[in-house]
Every structure is written in structure tokens, then in C-alpha cells.
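Trainee: Have a look at the structure that comes next, please.
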Amino acid sequence: MAHKIRFTKMHGCGNDYIYVNTMEYDIPNPSEAAIAWSDHHKGVGSDGLVLIGSSPVPEADYTMHIYNADGSEAMMCGNASRCIGKYLYERGLTDKREIRLLTLSGVKTLQLHISHDIVECVTVDMGEPVLEDEAQFISSRGLNKGVFVSMGNPHYVIFTDNVDLVGEMGRILEYHPAFPQRCNIEFAHVLSPSQEGSTTIRTRVWERGSGITLACGTGACATAVAACMTRRAGRTNDIVMDGGTLHIEWRESDNHVYMTGPAEFVFDGEIESSE
């Protein structure tokens, strides 16, 4: 029997997802729903589906499950996590300004920056980047022009003067044999030299399972880490993506990467489900 499910469409720097509160609605086949609802011609149109739920463990307040437009489940999404923080606070589900979000890559802490009861931006503790072992794995398979960084999901960052190569090379590299689980691909160009202040880096992203997206939070983090590792930039960077700018800090004190950026509501709606 068909029934209606309320959803909210949100975006972080243009990275747009459909959000459903699973504390109110059951989505038994989220992969199928993500494929159908993300379709820009026959569905709502989005980069994927995000499910918000209550946490089964005391270490977290809420859960996030994210499904790409092709139905594959992602480990983590920085832009989606910021949107969840705004959703939870402004929809009255919490009054906390610090929210612990359980994801498939662990618990992420969201710090909400609020003015007049509006969440203006969110800082996410993205945890520590994973580098060395997988980087050696990639090099052994002939990919030595980029930098591999895992931010809970895999990223391969290529520094180039032509970031528009993302359209030509993104899909090829996503499915390269070196990445048996596929990979997110970033093409990055340093626009200003490293200095005490933030370095500006122009980045375009090919997201695993979604293709070219306007922004990617974990991709911005991976780009900043890769730039610092290769001495192209310092530990504080502004990553300029197609949909907007994310501020990334890789702190020496705890080796964690902190991402700060906006989150926006687009619209609310209802969609019919036959499940």
C-alpha cells in the first residue's frame, strides 16, 4: 500500500541531499529509494538520500546513514553532517549546540554556530586522516601523481593547473583497479602560496557513486591534508569548490581535521512510497 513520506531537501555548498527523519518514517529499502528519489527527471533530484535516526549507543546523540544517487551507501559526508546539525536544532529536535553524530566511520562531533536561533554554520570534527599504508598500496599499482587520504572514506587528490579534468578523468579514476572499493577523486589547484593565514585552494570533485558534485566535505578535508603533506600549503586552508567555500584546519594538537561551512534548507515536501 502506498503511503507518503515527508522529506526535507538541504544543501551544503551545493552538495544537495534528501533528508528523512527515520524516527518518524520507516525506509525499508533506502538504496532503492535513493536511486528513485535522486533522479532529476522522475524524482526529487539530489546527490543522494540521508537518513537521520536515534542513536543505539550512549556515545552518540543521533545517527546518519547516507546513500549516494546510485544506491551505494557512503561511510561519511561532511556536508550532510552539517545539514543534520542545522536540521536537528532548527526543527526543535534538540537544543544542544554540540551534537555527537554516529556515522559508519565513527562518531563525529558537530559544533553549531548560532545567532538568533539560526544555525549560521557548523564545525565538524572529522577525526584523523589515514595516510601511509593506503598511499603505499596505491603507489605499488602505478598511481603516483596524486595523494591518497582517507577521511573515513577514500580520496585521491591530484594537484594540477586544470581542475576541469574532473569531467574527463573522474569516472575513470573512480573505477581504477587500484581502488577495489572505488574512490572519490579531487583535482586541486593552489591559488595562493602558503603563509601564516589561510591558503586558498580551488578544488573540483568527482564523488564515488554520484559523479561531479558542487562540493564534498570529506573531499575538502582530504585536499587540505594532501596540500599540507606535499608542502603546498599550511594547516589552515580555504577550499573553493563549485558550490562554495569550506574552511579546513588540520590541527597539530590532536591531528584532527576540522571543517567549517554553511548548511541551508531548500524545501520540504512529500513523496509517495509503495513500500
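For the C-alpha cells, the naming scheme is as follows: chains receive sequential letters (A, B, ...) according to their order of presentation, residues are indexed from 1 within each chain, and ligands are indexed from 1 in presentation order.
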Considering only C-alpha atoms, give me a table of residues in range 200-231 of chain A that are at most 9 Å from range 165-174 of chain A, with the closest atom pair and distance in Å for each, as CSV.

Mentor:
```
residue,atom,partner,partner_atom,distance
A:Arg204,CA,A:Val166,CA,6.6
A:Val205,CA,A:Val166,CA,6.7
A:Trp206,CA,A:Gly170,CA,5.4
A:Glu207,CA,A:Glu174,CA,8.2
A:Arg208,CA,A:Glu174,CA,6.4
A:Gly209,CA,A:Glu174,CA,8.8
A:Gly211,CA,A:Arg171,CA,7.1
A:Ile212,CA,A:Gly167,CA,7.3
```

Trainee: Include N, CA, C and O atoms and write out the residues we just selected as a compact mmCIF listing (two decimals), in the first residue's frame.

Mentor:
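Listing of selection.txt after writing:
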```
# COMPACT_ATOMS: atom_id res chain seq x y z
N ARG A 204 37.86 20.72 -7.56
CA ARG A 204 36.65 20.12 -8.13
C ARG A 204 36.63 18.63 -7.77
O ARG A 204 37.67 18.00 -7.68
N VAL A 205 35.42 18.11 -7.60
CA VAL A 205 35.27 16.78 -7.01
C VAL A 205 34.44 15.85 -7.89
O VAL A 205 33.40 16.25 -8.42
N TRP A 206 34.93 14.62 -7.98
CA TRP A 206 34.14 13.52 -8.52
C TRP A 206 33.83 12.60 -7.34
O TRP A 206 34.73 11.95 -6.82
N GLU A 207 32.56 12.54 -6.92
CA GLU A 207 32.20 11.73 -5.77
C GLU A 207 31.85 10.31 -6.18
O GLU A 207 31.09 10.10 -7.14
N ARG A 208 32.41 9.37 -5.47
CA ARG A 208 32.11 7.96 -5.69
C ARG A 208 30.61 7.72 -5.57
O ARG A 208 30.00 8.00 -4.55
N GLY A 209 30.00 7.25 -6.64
CA GLY A 209 28.58 6.93 -6.62
C GLY A 209 27.67 8.07 -7.04
O GLY A 209 26.48 7.84 -7.25
N GLY A 211 29.17 11.10 -9.06
CA GLY A 211 29.75 11.87 -10.16
C GLY A 211 30.19 13.24 -9.69
O GLY A 211 30.50 13.45 -8.52
N ILE A 212 30.21 14.21 -10.60
CA ILE A 212 30.62 15.57 -10.24
C ILE A 212 29.58 16.17 -9.30
O ILE A 212 28.39 16.18 -9.61
```

Trainee: Apply DSSP to the backbone of this structure and, from range 62-162 of chain A, keep only the residues in helix (DSSP H, G or I); write these as a list of chain:residue names.

Mentor: A:Gly78, A:Asn79, A:Ala80, A:Ser81, A:Arg82, A:Cys83, A:Ile84, A:Gly85, A:Lys86, A:Tyr87, A:Leu88, A:Tyr89, A:Glu90, A:Glu132, A:Asp133, A:Glu134, A:Ala135, A:Gln136, A:Phe137, A:Ile138, A:Ser139

Trainee: Pick from A:Arg202, A:Thr223, A:Ser210, A:Cys77: nearest to Gly48 in chain A, with only C-alpha atoms counted?

Mentor: A:Ser210

Trainee: Can you tell me which residues surround Asp95 in chain A at a distance of at most 10 Å, considering only C-alpha atoms, apart from same-chain residues fewer than 6 positions away, and format the answer as a compact mmCIF listing (two decimals) with N, CA and C atoms, in the first residue's frame?

Mentor:
```
# COMPACT_ATOMS: atom_id res chain seq x y z
N LEU A 88 18.43 19.32 13.03
CA LEU A 88 18.07 18.91 14.38
C LEU A 88 17.78 20.10 15.28
N TYR A 89 18.59 21.14 15.16
CA TYR A 89 18.42 22.30 16.03
C TYR A 89 17.22 23.16 15.61
N ASP A 117 18.90 32.09 17.12
CA ASP A 117 18.27 30.79 16.93
C ASP A 117 18.40 30.24 15.51
```

Trainee: Set the distance at 9 Å and use only C-alpha atoms: which residues neighbour Met241 in chain A once local chain neighbours fewer than 5 positions away are removed? I'd like the list as a list of chain:residue names.

Mentor: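 With the cut-off at 9 Å, the set is A:Cys13, A:Ile201, A:Arg202, A:Thr203, A:Arg204, A:Val205, A:Leu214, A:Ala215, A:Cys216, A:Ala220, A:Leu246.
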
Trainee: For Ser46 in chain A, work out the shell of residues within 8 Å, counting only C-alpha atoms and skipping chain neighbours fewer than 5 positions away, then give it as a CSV table (one decimal) with all heavy atoms, in the first residue's frame.

Mentor:
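Saved as part04.csv:
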```csv
chain,number,residue,atom,x,y,z
A,16,ASP,N,23.7,18.6,-2.5
A,16,ASP,CA,22.3,18.5,-2.0
A,16,ASP,C,21.8,17.1,-1.8
A,16,ASP,O,22.1,16.2,-2.6
A,16,ASP,CB,21.4,19.2,-3.0
A,16,ASP,CG,21.3,18.6,-4.4
A,16,ASP,OD1,22.4,18.0,-4.8
A,16,ASP,OD2,20.3,18.6,-5.0
A,17,TYR,N,21.1,16.9,-0.7
A,17,TYR,CA,20.6,15.6,-0.4
A,17,TYR,C,19.1,15.7,0.1
A,17,TYR,O,18.7,16.8,0.5
A,17,TYR,CB,21.4,14.9,0.8
A,17,TYR,CG,22.8,14.5,0.3
A,17,TYR,CD1,23.9,15.3,0.5
A,17,TYR,CD2,23.0,13.2,-0.3
A,17,TYR,CE1,25.1,14.9,0.1
A,17,TYR,CE2,24.2,12.8,-0.7
A,17,TYR,CZ,25.3,13.7,-0.5
A,17,TYR,OH,26.6,13.3,-0.9
A,18,ILE,N,18.4,14.6,0.0
A,18,ILE,CA,17.1,14.5,0.6
A,18,ILE,C,17.2,13.9,2.0
A,18,ILE,O,17.8,12.8,2.2
A,18,ILE,CB,16.2,13.5,-0.3
A,18,ILE,CG1,16.1,14.1,-1.7
A,18,ILE,CG2,14.9,13.3,0.3
A,18,ILE,CD1,15.7,13.0,-2.7
A,37,TRP,N,14.5,8.6,-5.9
A,37,TRP,CA,14.2,9.9,-5.4
A,37,TRP,C,15.3,10.9,-5.9
A,37,TRP,O,15.0,12.1,-6.1
A,37,TRP,CB,14.1,10.0,-3.9
A,37,TRP,CG,13.0,9.2,-3.3
A,37,TRP,CD1,12.0,8.5,-4.0
A,37,TRP,CD2,12.7,8.9,-2.0
A,37,TRP,NE1,11.1,7.8,-3.2
A,37,TRP,CE2,11.6,8.1,-1.9
A,37,TRP,CE3,13.3,9.3,-0.8
A,37,TRP,CZ2,11.0,7.6,-0.7
A,37,TRP,CZ3,12.8,8.8,0.4
A,37,TRP,CH2,11.7,8.0,0.5
A,38,SER,N,16.5,10.4,-6.1
A,38,SER,CA,17.6,11.3,-6.6
A,38,SER,C,17.5,11.7,-8.1
A,38,SER,O,18.1,12.6,-8.5
A,38,SER,CB,18.9,10.7,-6.3
A,38,SER,OG,19.1,10.5,-4.9
A,39,ASP,N,16.7,10.9,-8.8
A,39,ASP,CA,16.5,11.2,-10.2
A,39,ASP,C,16.0,12.6,-10.5
A,39,ASP,O,15.0,13.0,-9.9
A,39,ASP,CB,15.6,10.2,-10.8
A,39,ASP,CG,15.6,10.2,-12.4
A,39,ASP,OD1,15.1,11.2,-12.9
A,39,ASP,OD2,16.0,9.2,-13.0
A,40,HIS,N,16.7,13.3,-11.3
A,40,HIS,CA,16.4,14.7,-11.5
A,40,HIS,C,15.2,14.9,-12.5
A,40,HIS,O,14.6,16.0,-12.6
A,40,HIS,CB,17.6,15.5,-12.1
A,40,HIS,CG,18.6,15.8,-11.1
A,40,HIS,ND1,18.7,16.9,-10.3
A,40,HIS,CD2,19.7,15.0,-10.7
A,40,HIS,CE1,19.7,16.9,-9.5
A,40,HIS,NE2,20.4,15.8,-9.7
A,69,ALA,N,23.5,8.7,-5.0
A,69,ALA,CA,22.4,8.6,-6.1
A,69,ALA,C,22.4,7.3,-6.8
A,69,ALA,O,21.3,7.0,-7.4
A,69,ALA,CB,22.7,9.8,-7.1
```

Trainee: Do a neighbour search on Glu32 in chain A at 9 Å with only C-alpha atoms, toss out local chain neighbours closer than 4 positions, and write the hits as a count of residues only.

Mentor: 4
